[in-house]
Each structure stands twice: as structure tokens, then as C-alpha cells.
>>> print(open('structure_34.cif').read())   # mmCIF, C-alpha atoms
data_run
loop_
_atom_site.label_atom_id
_atom_site.label_comp_id
_atom_site.auth_asym_id
_atom_site.auth_seq_id
_atom_site.Cartn_x
_atom_site.Cartn_y
_atom_site.Cartn_z
CA MET A 1 5.46 -17.58 4.85
CA THR A 2 5.11 -19.25 1.56
CA ASP A 3 3.05 -17.17 -0.76
CA ASN A 4 2.65 -13.68 -2.17
CA THR A 5 -0.29 -12.78 0.01
CA ASP A 6 1.50 -13.64 3.23
CA THR A 7 4.62 -11.83 2.02
CA PHE A 8 2.54 -8.81 1.16
CA ASP A 9 0.71 -8.74 4.50
CA GLN A 10 3.89 -9.10 6.52
CA ALA A 11 5.72 -6.44 4.54
CA LEU A 12 2.75 -4.10 4.76
CA ILE A 13 2.61 -4.30 8.54
CA LYS A 14 6.32 -3.47 8.74
CA ILE A 15 5.86 -0.38 6.59
CA ILE A 16 2.88 1.02 8.54
CA PRO A 17 5.02 3.25 10.84
CA ARG A 18 6.69 4.85 7.79
CA LEU A 19 3.34 5.30 6.08
CA ARG A 20 2.02 6.87 9.24
CA ARG A 21 4.91 9.31 9.20
CA TYR A 22 4.26 10.24 5.57
CA ALA A 23 0.57 10.66 6.35
CA ARG A 24 1.45 13.01 9.20
CA VAL A 25 3.71 15.07 6.95
CA LEU A 26 0.87 15.43 4.45
CA ALA A 27 -2.15 15.87 6.70
CA ILE A 28 -0.34 17.39 9.72
CA THR A 29 -3.02 16.57 12.30
CA ALA A 30 -3.31 13.20 14.00
CA ASP A 31 -6.94 12.76 12.94
CA GLY A 32 -6.29 13.70 9.33
CA SER A 33 -3.24 11.48 9.06
CA ASP A 34 -4.99 8.49 10.63
CA GLU A 35 -7.83 8.85 8.15
CA LEU A 36 -5.32 8.99 5.31
CA LEU A 37 -3.44 5.96 6.59
CA GLN A 38 -6.63 3.95 6.97
CA ALA A 39 -7.74 4.82 3.43
CA THR A 40 -4.30 3.90 2.09
CA LEU A 41 -4.23 0.52 3.82
CA GLU A 42 -7.69 -0.35 2.60
CA ARG A 43 -6.83 0.67 -0.97
CA ALA A 44 -3.58 -1.28 -0.86
CA LEU A 45 -5.30 -4.42 0.36
CA ALA A 46 -7.98 -4.13 -2.27
CA LYS A 47 -5.30 -3.78 -4.97
CA LYS A 48 -2.73 -6.16 -3.59
CA LEU A 49 -2.90 -8.48 -6.55
CA GLN A 50 -1.58 -5.63 -8.66
CA TRP A 51 1.60 -5.38 -6.61
CA GLN A 52 4.48 -7.26 -8.16
CA GLN A 53 6.68 -9.00 -5.66
CA ASP A 54 9.93 -7.93 -7.29
CA THR A 55 9.08 -4.23 -6.94
CA TYR A 56 9.39 -1.95 -3.94
CA LEU A 57 6.28 -2.17 -1.75
CA ASP A 58 7.10 1.05 0.11
CA ARG A 59 7.22 3.13 -3.06
CA TRP A 60 3.97 1.55 -4.28
CA LEU A 61 2.30 2.40 -0.97
CA PHE A 62 3.65 5.96 -0.93
CA THR A 63 2.26 6.43 -4.42
CA ILE A 64 -1.16 5.23 -3.31
CA MET A 65 -1.08 7.49 -0.26
CA SER A 66 0.00 10.51 -2.26
CA SER A 67 -2.76 9.93 -4.78
CA ILE A 68 -5.49 9.43 -2.16
CA TRP A 69 -4.37 12.57 -0.36
CA LYS A 70 -4.33 14.77 -3.42
CA ASN A 71 -7.41 13.43 -5.12
CA GLU A 72 -9.71 12.59 -2.23
CA LEU A 73 -8.80 13.74 1.25
CA ARG A 74 -6.83 16.99 1.07
CA TYR A 75 -9.81 19.15 0.20
CA ARG A 76 -11.93 17.69 2.99
CA ASN A 77 -9.08 17.98 5.45
CA THR A 78 -8.51 21.61 4.54
CA ARG A 79 -12.21 22.40 4.91
CA LYS A 80 -12.00 21.08 8.45
CA GLY A 81 -9.32 23.69 9.06
CA ASN A 82 -6.51 21.17 9.19
CA GLY A 83 -4.57 22.52 6.22
CA VAL A 84 -3.27 25.59 7.96
CA ILE A 85 -0.86 25.38 10.85
CA HIS A 86 -2.08 27.78 13.51
CA ASP A 87 0.05 26.64 16.38
CA ILE A 88 3.48 25.23 15.79
CA ASN A 89 3.66 23.58 19.20
CA HIS A 90 0.82 21.15 18.60
CA LEU A 91 2.93 19.54 15.89
CA CYS A 92 5.18 18.10 18.50
CA ASP A 93 2.47 16.82 20.81
CA ASN A 94 3.55 13.26 20.24
CA SER A 95 7.24 13.86 19.94
CA LYS A 96 9.95 13.01 22.41
CA GLU A 97 10.91 16.62 22.77
CA ASN A 98 10.76 16.44 26.55
CA LYS A 99 13.00 13.42 26.72
CA PRO A 100 16.69 14.03 27.17
CA GLU A 101 17.73 12.23 24.00
CA ARG A 102 15.65 14.46 21.81
CA THR A 103 17.83 17.45 21.25
CA PHE A 104 16.87 21.00 20.65
CA LEU A 105 18.15 20.78 17.11
CA LEU A 106 16.06 17.75 16.19
CA THR A 107 12.92 19.42 17.48
CA GLN A 108 13.72 22.59 15.57
CA VAL A 109 14.35 20.73 12.33
CA PHE A 110 11.10 18.82 12.75
CA LYS A 111 9.13 22.02 13.36
CA GLU A 112 10.71 23.95 10.50
CA VAL A 113 10.14 21.15 8.01
CA MET A 114 6.52 20.85 9.09
CA LEU A 115 6.09 24.59 8.56
CA LEU A 116 7.15 24.32 4.93
CA SER A 117 4.51 24.13 2.23
CA GLU A 118 3.08 20.69 1.54
CA ASN A 119 5.00 20.37 -1.75
CA HIS A 120 8.26 21.15 0.00
CA ARG A 121 7.81 18.97 3.06
CA GLU A 122 6.73 15.89 1.12
CA ALA A 123 9.75 16.25 -1.15
CA ILE A 124 12.01 16.52 1.91
CA LEU A 125 10.36 13.49 3.47
CA LEU A 126 10.72 11.24 0.46
CA VAL A 127 14.27 12.18 -0.50
CA TYR A 128 16.03 13.15 2.72
CA ILE A 129 14.07 11.20 5.32
CA GLU A 130 13.07 8.09 3.39
CA GLY A 131 16.24 8.17 1.30
CA ILE A 132 14.40 7.63 -1.98
CA LYS A 133 16.23 8.66 -5.13
CA TYR A 134 15.14 11.80 -6.95
CA GLN A 135 13.58 10.02 -9.92
CA HIS A 136 11.66 7.52 -7.79
CA ALA A 137 10.37 10.30 -5.56
CA ALA A 138 9.22 12.22 -8.64
CA ASP A 139 7.44 9.07 -9.83
CA ILE A 140 5.69 8.68 -6.47
CA LEU A 141 4.46 12.26 -6.65
CA SER A 142 3.64 12.02 -10.37
CA ILE A 143 5.67 15.14 -11.13
CA PRO A 144 8.60 15.73 -13.50
CA LEU A 145 12.07 15.19 -12.08
CA GLY A 146 12.94 18.86 -12.56
CA THR A 147 9.91 19.95 -10.53
CA LEU A 148 10.90 17.69 -7.66
CA MET A 149 14.45 18.98 -7.65
CA SER A 150 13.32 22.56 -7.85
CA ARG A 151 11.09 21.97 -4.80
CA LEU A 152 13.94 20.34 -2.94
CA ALA A 153 16.34 23.14 -3.72
CA ARG A 154 13.80 25.77 -2.68
CA ALA A 155 13.05 23.92 0.55
CA ARG A 156 16.74 23.58 1.36
CA ILE A 157 17.33 27.30 0.79
CA ILE A 158 14.34 28.22 3.00
CA LEU A 159 15.62 25.97 5.77
CA ALA A 160 19.21 27.17 5.39
CA GLU A 161 18.05 30.75 5.83
CA LYS A 162 15.86 29.85 8.82
CA PHE A 163 18.71 28.14 10.58
CA SER A 164 21.16 30.88 9.69
CA GLU A 165 18.81 33.34 11.40
CA THR A 166 18.58 31.08 14.42
CA ASN A 167 22.33 30.92 14.62
CA GLU A 168 22.72 34.66 14.30
CA THR A 169 20.01 35.58 16.79
CA ASN A 170 20.54 32.94 19.39
CA ASN A 171 24.15 32.14 19.94
CA ASN A 172 23.29 30.54 23.23
CA ALA A 173 21.43 27.79 21.44
CA VAL A 174 24.69 26.85 19.72
CA ILE A 175 23.22 24.49 17.22
CA LYS A 176 25.81 21.79 17.12
CA LEU A 177 25.68 21.11 13.46
CA ASP A 178 29.05 19.48 13.35
CA GLU A 179 27.86 16.76 15.70
CA HIS A 180 25.13 15.89 13.27
CA ARG A 181 27.08 16.02 10.06
CA GLY A 182 27.20 12.65 8.44
CA ASN A 183 23.55 11.89 9.15
CA ASN A 184 22.48 13.53 5.95
CA PRO A 185 21.96 11.78 2.67
CA MET B 1 15.25 35.04 0.36
CA GLN B 2 18.08 34.11 -1.92
CA ASN B 3 17.06 33.83 -5.56
CA MET B 4 17.05 30.41 -7.09
CA HIS B 5 19.92 29.88 -9.49
CA PRO B 6 18.87 28.89 -13.05
CA GLN B 7 20.85 25.67 -12.56
CA ALA B 8 19.43 25.10 -9.06
CA GLU B 9 18.43 21.49 -9.72
CA LYS B 10 21.88 20.48 -10.93
CA LEU B 11 23.58 22.40 -8.16
CA LEU B 12 21.42 20.59 -5.62
CA ALA B 13 22.33 17.25 -7.16
CA TYR B 14 25.97 18.33 -6.97
CA VAL B 15 25.65 19.08 -3.25
CA ASP B 16 23.81 15.78 -2.69
CA GLN B 17 26.50 13.99 -4.71
CA GLN B 18 23.93 12.58 -7.10
CA LEU B 19 25.62 13.57 -10.36
CA SER B 20 27.38 11.35 -12.83
CA SER B 21 31.07 12.05 -13.37
CA ASN B 22 30.34 13.95 -16.60
CA GLU B 23 27.69 16.10 -14.93
CA MET B 24 30.02 16.66 -12.00
CA ALA B 25 32.67 18.00 -14.38
CA GLU B 26 30.10 20.35 -15.96
CA ILE B 27 29.10 21.77 -12.59
CA LYS B 28 32.70 22.20 -11.52
CA ALA B 29 33.31 24.16 -14.71
CA LEU B 30 30.25 26.29 -13.97
CA LEU B 31 31.43 26.97 -10.42
CA ALA B 32 34.79 28.10 -11.75
CA HIS B 33 33.27 31.15 -13.47
CA ASP B 34 29.82 31.76 -11.95
CA PRO B 35 29.90 33.47 -8.54
CA ASP B 36 26.10 33.15 -8.20
CA ALA B 37 26.40 29.41 -8.56
CA VAL B 38 29.14 29.37 -5.94
CA ALA B 39 26.95 31.41 -3.56
CA PHE B 40 24.02 29.09 -4.16
CA VAL B 41 26.07 25.99 -3.45
CA GLU B 42 27.55 27.59 -0.35
CA LYS B 43 24.06 28.37 0.87
CA LEU B 44 22.99 24.76 0.39
CA GLN B 45 26.13 23.51 2.07
CA GLN B 46 25.98 26.03 4.86
CA ILE B 47 23.89 23.89 7.12
CA GLU B 48 23.45 20.16 6.96
CA LEU B 49 20.31 19.28 8.82
CA PRO B 50 19.60 15.90 10.42
CA PHE B 51 16.32 15.37 8.60
CA ALA B 52 16.02 11.65 9.09
CA GLU B 53 16.91 11.75 12.75
CA SER B 54 14.43 14.55 13.35
CA PHE B 55 11.57 12.43 12.06
CA ASP B 56 12.65 9.06 13.43
CA PHE B 57 10.58 9.42 16.57
CA PHE B 58 7.51 8.60 14.46
CA LEU B 59 8.90 5.14 13.88
CA ASP B 60 9.12 4.47 17.61
CA GLN B 61 5.53 5.40 18.28
CA GLU B 62 3.16 2.57 18.92
CA VAL B 63 0.87 1.99 15.95
CA PRO B 64 -2.78 1.85 17.05
CA GLU B 65 -3.93 -1.75 17.02
CA HIS B 66 -6.76 -1.11 14.56
CA PHE B 67 -4.27 -0.39 11.77
CA ASN B 68 -2.63 -3.77 12.18
CA LYS B 69 -6.07 -5.33 12.19
CA THR B 70 -6.98 -3.64 8.93
CA LYS B 71 -5.73 -6.64 7.02
CA LYS B 72 -8.00 -9.03 8.90
CA GLN B 73 -10.94 -6.70 8.59
CA ASN B 74 -10.38 -6.16 4.91
CA LEU B 75 -12.39 -9.07 3.62
CA ARG B 76 -15.28 -7.91 5.78
CA TRP B 77 -14.81 -4.39 4.47
CA GLN B 78 -14.78 -5.58 0.89
CA TRP B 79 -17.91 -7.58 1.60
CA ALA B 80 -19.59 -4.50 3.03
CA THR B 81 -18.65 -2.64 -0.15
CA SER B 82 -20.13 -5.36 -2.30
CA ILE B 83 -23.29 -5.41 -0.18
CA VAL B 84 -23.70 -1.69 -0.80
CA ALA B 85 -23.09 -2.24 -4.50
CA SER B 86 -25.62 -5.10 -4.49
CA LEU B 87 -28.23 -2.92 -2.90
CA VAL B 88 -27.70 -0.03 -5.28
CA VAL B 89 -27.89 -2.26 -8.33
CA GLY B 90 -30.73 -4.23 -6.75
CA LEU B 91 -32.80 -1.08 -6.39
CA THR B 92 -32.34 -0.16 -10.02
CA LEU B 93 -32.73 -3.61 -11.53
CA GLY B 94 -35.36 -5.01 -9.23
CA TYR B 95 -34.52 -5.70 -5.64
CA TYR B 96 -36.89 -8.59 -5.09
CA ALA B 97 -35.73 -10.57 -8.09
CA SER B 98 -32.18 -10.12 -6.90
CA LYS B 99 -33.10 -11.28 -3.39
CA ILE B 100 -34.61 -14.51 -4.68
CA ASN B 101 -31.50 -15.15 -6.77
CA ASN B 102 -29.29 -14.51 -3.79
CA GLU B 103 -31.16 -17.08 -1.72
CA ASP B 104 -30.55 -19.69 -4.42
CA HIS B 105 -27.03 -18.46 -4.67
CA ASP B 106 -26.36 -18.96 -0.94
CA ASN B 107 -27.85 -22.47 -1.02
CA TRP B 108 -25.36 -23.69 -3.56
CA ILE B 109 -22.51 -23.11 -1.15
CA VAL B 110 -24.26 -25.27 1.46
CA ARG B 111 -24.63 -28.00 -1.18
CA VAL B 112 -20.97 -27.71 -2.08
CA ALA B 113 -20.03 -27.90 1.61
CA ASP B 114 -22.23 -30.96 2.17
CA TYR B 115 -20.62 -32.71 -0.77
CA HIS B 116 -17.12 -31.66 0.21
CA LEU B 117 -17.54 -33.07 3.70
CA LEU B 118 -17.50 -36.56 2.12
CA TYR B 119 -14.01 -36.01 0.78
CA VAL B 120 -10.96 -37.56 2.36
CA ARG B 121 -7.37 -37.41 1.15
CA ASP B 122 -7.66 -40.82 -0.49
CA THR B 123 -10.58 -39.59 -2.62
CA VAL B 124 -8.22 -37.82 -4.99
CA ILE B 125 -4.69 -38.84 -4.06
CA GLU B 126 -4.47 -41.61 -6.64
CA THR B 127 -5.68 -39.40 -9.49
CA HIS B 128 -2.88 -38.39 -11.84
CA LEU B 129 -3.83 -36.52 -14.99
CA SER B 130 -1.47 -36.04 -17.88
CA SER B 131 -1.28 -32.59 -19.48
CA SER B 132 -3.32 -33.81 -22.46
CA GLU B 133 -5.96 -35.23 -20.12
CA ILE B 134 -6.08 -31.90 -18.28
CA SER B 135 -6.49 -30.11 -21.59
CA ASP B 136 -9.38 -32.40 -22.61
CA LEU B 137 -10.95 -31.98 -19.20
CA LYS B 138 -10.69 -28.20 -19.42
CA ASN B 139 -12.54 -28.23 -22.75
CA LYS B 140 -15.22 -30.56 -21.41
CA LEU B 141 -15.82 -28.52 -18.27
CA GLY B 142 -15.76 -25.27 -20.19
CA LYS B 143 -18.35 -26.61 -22.61
CA ALA B 144 -20.62 -27.46 -19.67
CA LEU B 145 -20.38 -23.88 -18.46
CA ASN B 146 -20.59 -22.51 -21.97
CA THR B 147 -17.37 -20.55 -21.46
CA SER B 148 -13.64 -20.89 -21.90
CA LEU B 149 -12.57 -22.35 -18.57
CA LYS B 150 -9.22 -21.80 -16.94
CA ILE B 151 -7.98 -24.27 -14.34
CA PRO B 152 -6.09 -22.03 -11.93
CA ASP B 153 -2.58 -23.06 -10.95
CA LEU B 154 -2.56 -22.83 -7.15
CA SER B 155 0.92 -24.26 -6.63
CA ALA B 156 1.93 -20.95 -4.96
CA GLN B 157 -0.37 -22.01 -2.13
CA LYS B 158 0.99 -25.57 -2.31
CA LEU B 159 -2.27 -26.89 -3.76
CA LYS B 160 -1.90 -29.45 -6.55
CA PHE B 161 -4.68 -29.81 -9.08
CA LYS B 162 -5.99 -33.39 -9.05
CA ARG B 163 -9.26 -33.63 -10.96
CA GLY B 164 -12.36 -31.87 -12.24
CA GLN B 165 -15.94 -33.02 -12.51
CA ILE B 166 -19.37 -31.83 -13.51
CA LEU B 167 -22.04 -31.94 -10.80
CA ASP B 168 -25.59 -30.64 -10.72
CA ALA B 169 -27.09 -27.83 -8.67
CA ASN B 170 -30.82 -27.39 -9.26
CA GLY B 171 -30.48 -28.32 -12.89
CA LYS B 172 -27.43 -26.11 -13.47
CA PRO B 173 -23.97 -27.50 -14.15
CA LEU B 174 -21.64 -27.07 -11.22
CA ILE B 175 -17.94 -27.53 -11.92
CA GLN B 176 -15.78 -28.86 -9.15
CA LEU B 177 -11.98 -28.63 -9.39
CA ALA B 178 -10.26 -30.62 -6.64
CA TYR B 179 -6.84 -29.69 -5.30
CA LEU B 180 -4.72 -31.50 -2.76
CA PRO B 181 -2.48 -29.74 -0.23
CA GLN B 182 0.80 -31.32 0.89
CA ASP B 183 -0.93 -32.50 4.03
CA GLY B 184 -4.54 -32.73 5.06
CA LEU B 185 -7.84 -32.83 3.27
CA PRO B 186 -8.63 -31.75 -0.29
CA VAL B 187 -9.71 -28.26 -1.28
CA ALA B 188 -12.30 -27.63 -3.97
CA LEU B 189 -12.82 -24.70 -6.28
CA CYS B 190 -16.41 -24.80 -7.50
CA ILE B 191 -17.93 -22.74 -10.29
CA LEU B 192 -21.61 -22.20 -11.02
CA GLN B 193 -23.42 -20.25 -13.70
CA SER B 194 -25.43 -17.56 -11.96
CA ASN B 195 -27.11 -14.26 -12.57
CA VAL B 196 -25.91 -12.56 -9.40
CA ILE B 197 -23.96 -9.35 -9.77
CA ASP B 198 -20.19 -9.28 -9.50
CA SER B 199 -18.92 -9.33 -5.93
CA LEU B 200 -15.54 -9.16 -4.27
CA PRO B 201 -14.19 -12.15 -2.31
CA LYS B 202 -15.78 -12.69 1.07
CA SER B 203 -15.01 -15.38 3.56
CA GLY B 204 -17.39 -17.54 5.55
CA VAL B 205 -17.95 -20.95 7.05
CA SER B 206 -20.49 -23.51 5.88
CA ARG B 207 -21.02 -26.85 7.59
CA GLY B 208 -17.86 -26.17 9.55
CA LEU B 209 -15.80 -25.68 6.39
CA PRO B 210 -14.12 -22.32 5.75
CA TYR B 211 -14.70 -20.90 2.30
CA VAL B 212 -14.14 -17.79 0.19
CA GLU B 213 -16.70 -16.91 -2.47
CA TRP B 214 -16.97 -14.28 -5.20
CA SER B 215 -18.85 -13.69 -8.45
CA LYS B 216 -17.63 -12.39 -11.75
CA ASN B 217 -19.13 -12.14 -15.24
CA GLY B 218 -22.10 -14.42 -14.65
CA LEU B 219 -20.16 -17.09 -12.78
CA SER B 220 -20.08 -17.68 -9.03
CA TYR B 221 -16.99 -19.16 -7.44
CA VAL B 222 -16.32 -20.72 -4.07
CA ILE B 223 -13.12 -22.23 -2.79
CA ILE B 224 -13.65 -24.42 0.22
CA GLY B 225 -11.65 -26.76 2.39
CA LYS B 226 -10.10 -27.30 5.78
CA ILE B 227 -6.86 -25.38 5.36
CA ASN B 228 -5.83 -22.30 7.27
CA GLN B 229 -7.78 -19.15 6.51
CA GLN B 230 -4.79 -17.19 5.18
CA GLN B 231 -3.90 -19.95 2.75
CA LEU B 232 -7.51 -20.20 1.61
CA GLU B 233 -7.78 -16.43 1.08
CA ALA B 234 -4.50 -16.43 -0.82
CA ALA B 235 -5.71 -19.31 -3.00
CA ALA B 236 -8.97 -17.44 -3.68
CA LEU B 237 -7.16 -14.26 -4.69
CA ASN B 238 -4.75 -16.24 -6.85
CA ALA B 239 -7.58 -18.15 -8.55
CA ALA B 240 -9.61 -14.97 -9.08
CA SER B 241 -6.59 -13.25 -10.57
CA GLN B 242 -5.88 -16.10 -13.00
CA ILE B 243 -9.50 -16.45 -14.02
CA ALA B 244 -9.81 -12.69 -14.57
CA GLY B 245 -6.54 -12.56 -16.47
#
>>> encode(input="structure_34.cif", output="C-alpha cells")
Amino acid sequence: MTDNTDTFDQALIKIIPRLRRYARVLAITADGSDELLQATLERALAKKLQWQQDTYLDRWLFTIMSSIWKNELRYRNTRKGNGVIHDINHLCDNSKENKPERTFLLTQVFKEVMLLSENHREAILLVYIEGIKYQHAADILSIPLGTLMSRLARARIILAEKFSETNETNNNAVIKLDEHRGNNP
Amino acid sequence: MQNMHPQAEKLLAYVDQQLSSNEMAEIKALLAHDPDAVAFVEKLQQIELPFAESFDFFLDQEVPEHFNKTKKQNLRWQWATSIVASLVVGLTLGYYASKINNEDHDNWIVRVADYHLLYVRDTVIETHLSSSEISDLKNKLGKALNTSLKIPDLSAQKLKFKRGQILDANGKPLIQLAYLPQDGLPVALCILQSNVIDSLPKSGVSRGLPYVEWSKNGLSYVIIGKINQQQLEAAALNAASQIAG
């Protein structure tokens, strides 16, 4: 493709699965996250002339999504009862948990992250799942760097304690952490 | 739950290996004499979780088709938004007057299309304007519209500006800027003074010619020509951006 618009459109389509994942981490339910994704795509297309080609499109899109969620959709979503997780199992409805390659550990990590508060899980998503640097993640969320890092540290401690308990209470599960070392940022 | 250490942020960055060498030395010094800091770091290091791998299954899921179509639907969506805006403003300012203006407004695009159908590549290919001639032309055309006219540079869409002329639409000056693609027939960006409200770009077809039209600050714009729709939309957005800027 030869121009900015084509470049933008192509890049946007490639990022949609990642945006969809971020939307799911924020809104939790499939309906809520699809609504958020749709609103984000429409906003991005309406503002595409403001995107500068030499900047990161994914970060720009995450910023738009975060803003739409916090300023427009979160309240409505919560009123529909989608803000509180009543049943942990429905979170994995679309996962590959029943397929052999999806291990017990991966499912557990997914569930425990999704059970964190919204502030904690979005920080985990941006930094440890998307691999975005601390400062850029703080920019996306429009929060100070220290606040982001405090949220990350708190989330990591919560998860460490959860998985320590799992280890202590269920030795049969034998979470094979060593096999997964090296996947982390 | 374990209490957060006062230096939790730096200790986290230490565990994530995100510190500069100076900061790293500071934290190592802290760890040498602060058992709470050591305990905190050990807690963070106790379990390394495969976060990315745990969420990767989202990326393998099929994206519903309507999200990929959002781009194509967007111009229609923007048009729907502008229709709503038109109606709201129309109700407050006088709907019927606005309707009459819109009918005139739509007709001008048909006139532009009729005129553009006469164009072939040879109509403009031999025209070569120097920069000073373009500058003079810009002043002349701007004077006709009673505004400071910008001639958009559409080279990003491989459209070369060839010439500009003043035409007439129901007694109003109509500016036509002709551009030539690398291959194929010319494209025209036409500008008309109007009193329609601002509207976002919308696409359409008139006399078999695809076009994109929008209005801004008392001027209506249409870019028209037989090039592919994506290129035409990109040219419209580019022109609108330059004119607005």
C-alpha cells in the first residue's frame, strides 16, 4: 500500500486481536468487551488523521480504548452487572482450557489475573502481556509512573501469595514453574 | 498479605531488570542492609508466572467479521453521525430552509460529475505550471471564493496537481482543481461556497463516478474521479486535513 490511510487500515486490522484482548481484560464479559472494541475502532477511524505514522499505533489505540472505557462505558457496564465477577468459570468460556496444550497452570494464571482489580489487571496486561515499558504503560493509562509501578508490585505480590497457597495446599497439582521460566518479561 | 515495601516500585524494577546501572547499585546497597527489602524481592521472585502465554489464546480466536468490516462501514457511520447533527441543527435553525439548501447542495455534485465526465487524460496532461504560476493561480482562485485558498498536495496518493479553474454553479463561483494520477483519468477537487452546515466526509457515486464530499466553514468540497475507492477516500482525508490545517 502506498499511503498513510492504507497503512493505517492494514495495521489496525492486525492489532484488532490484541485490542480485543485488552477490551476483555477491562470489561470482562464478551458483550461488554465487544462494545468497547467497536467504540474504540470507530473512534480510531474518526481520528485517524491525528495518528502520526512514525509513532506506535498499538499504544495510541490502547490509549483510546482506556479512555473510552473509563470515561464512557465502564459505568454503564457496571450497571448491567458486568463489573463484578460472580462466577470465575465463565471467564474461560472461550479459552482452550479443554485442549491438551492448554495447561493447568496457564488456565490458573489467566483466572487469577482476571480476578484482580481492574487497575491491577490492566497494568499486568500492558506491561507483562503486551510487553510495554513502564513509562509508556503509565502514559496509556494517564497515571504517574509511580502509581503504575505500585499497582504492578501490588498485583505481583497478590499473585505470588495466591500461587504460594496453591502450591502449599495442592502438591498434586505440581505447578511446573521451572518449565515456564524464561517466558516472563 | 505482605506489606508493601516503601521502595516497592524500585524493587519491582530491580526484579524486572528495568533499572539503570546506577539505580541497580543503589538497590543492591539497600538489599545489603534491609531484610524487609530482601523479603519483598524474594516474594516477587518466588514465582514467575507465564502471563503472556496465559493470555495468548485470545490472539488465536477468530475475530468476528463485523469488526474487520468496521473500516468499510466507517464512512457510512460518519455520514449517519453528520445526518443526525444536520437534523438537530436543522430543527433549531429552521429545518425547511436547510432542506432547500441541501437540495441545491446535492445538485452541484451532479453538475461537477457531468462536467468531469468530459475529461480525458489528455485534457490536463500537457499543462505544466511553474511554482510562481501556481502561486498566482492560488491567489486568483482564493479571491473568487473570498477566502485564502490552499491547493492540497496529494502526492501521497500519487495525484499530481495540474491546473485550477473557476466555473459557475447557479451564479456561485465553483473552483475546480484538477489532479492527474500516474495512470488513468484525472481527478478533480471542487470547492463551492455554501451555507450548509459542516459535515464529515461521505462517499457516493454520481453519474457513475465515485466521489467523497464534505463541508467545512461555509465551503463544500467534493473530490471525484475514476480511481479506486480507497485512494479516493485517502485523497479526501488528506485534502481535508491540509485545508483544515
>>> interface_residues(input="structure_34.cif", of="chain B", to="chain A", cutoff="7 Å", atoms="all atoms listed in the file", output="list of chain:residue names")
B:Ala8, B:Glu9, B:Leu12, B:Asp16, B:Lys43, B:Leu44, B:Gln46, B:Ile47, B:Glu48, B:Leu49, B:Pro50, B:Phe51, B:Ala52, B:Glu53, B:Ser54, B:Phe55, B:Phe57, B:Phe58, B:Leu59, B:Val63, B:Phe67, B:Asn68, B:Asn74, B:Ala156, B:Gln157, B:Ala234
>>> resolve_selection(input="structure_34.cif", expression="the PyMOL selection byres ((chain B and resi 145-154) around 7)", output="ChimeraX atom specification")
/B:138,141-144,155-160,173,193,235,238-239,242-243
>>> resolve_selection(input="structure_34.cif", expression="the PyMOL selection byres ((chain B and resi 29-31) around 12)", output="list in words")
His5, Pro6, Gln7, Ala8, Lys10, Leu11, Tyr14, Asn22, Glu23, Met24, Ala25, Glu26, Ile27, Lys28, Ala32, His33, Asp34, Pro35, Asp36, Ala37, Val38, Ala39, Phe40, Val41 and Glu42 of chain B
>>> resolve_selection(input="structure_34.cif", expression="the PyMOL selection byres ((chain B and resi 114-125) around 7)", output="PyMOL selection string")
chain B and resi 110-113+126-127+162+184-186+207
>>> write_last_selection(input="structure_34.cif", atoms="C-alpha atoms", output="PDB file, keeping the file's coordinate frame")
ATOM      1  CA  VAL B 110     -24.260 -25.270   1.460  1.00  0.00           C
ATOM      2  CA  ARG B 111     -24.630 -28.000  -1.180  1.00  0.00           C
ATOM      3  CA  VAL B 112     -20.970 -27.710  -2.080  1.00  0.00           C
ATOM      4  CA  ALA B 113     -20.030 -27.900   1.610  1.00  0.00           C
ATOM      5  CA  GLU B 126      -4.470 -41.610  -6.640  1.00  0.00           C
ATOM      6  CA  THR B 127      -5.680 -39.400  -9.490  1.00  0.00           C
ATOM      7  CA  LYS B 162      -5.990 -33.390  -9.050  1.00  0.00           C
ATOM      8  CA  GLY B 184      -4.540 -32.730   5.060  1.00  0.00           C
ATOM      9  CA  LEU B 185      -7.840 -32.830   3.270  1.00  0.00           C
ATOM     10  CA  PRO B 186      -8.630 -31.750  -0.290  1.00  0.00           C
ATOM     11  CA  ARG B 207     -21.020 -26.850   7.590  1.00  0.00           C
TER      12      ARG B 207
END
>>> residues_around(input="structure_34.cif", residues="Ile197 of chain B", least_positions_apart="2", cutoff="8 Å", atoms="all atoms listed in the file", output="PDB file with C-alpha atoms, keeping the file's coordinate frame")
ATOM      1  CA  SER B  86     -25.620  -5.100  -4.490  1.00  0.00           C
ATOM      2  CA  ASN B 195     -27.110 -14.260 -12.570  1.00  0.00           C
ATOM      3  CA  SER B 199     -18.920  -9.330  -5.930  1.00  0.00           C
ATOM      4  CA  SER B 215     -18.850 -13.690  -8.450  1.00  0.00           C
ATOM      5  CA  LYS B 216     -17.630 -12.390 -11.750  1.00  0.00           C
ATOM      6  CA  ASN B 217     -19.130 -12.140 -15.240  1.00  0.00           C
ATOM      7  CA  GLY B 218     -22.100 -14.420 -14.650  1.00  0.00           C
TER       8      GLY B 218
END
>>> closest_residue(input="structure_34.cif", among="A:Ser33, A:Ala27, A:Ile143, A:Leu126", to="Asp58 of chain A", atoms="only C-alpha atoms")
A:Leu126
>>> atom_distance(input="structure_34.cif", atom1="atom CA of Ser142 of chain A", atom2="atom CA of Leu36 of chain A")
18.3 Å
>>> atom_distance(input="structure_34.cif", atom1="atom CA of Glu118 of chain A", atom2="atom CA of Ala39 of chain A")
19.3 Å
>>> atom_distance(input="structure_34.cif", atom1="atom CA of Ser131 of chain B", atom2="atom CA of Leu180 of chain B")
17.1 Å
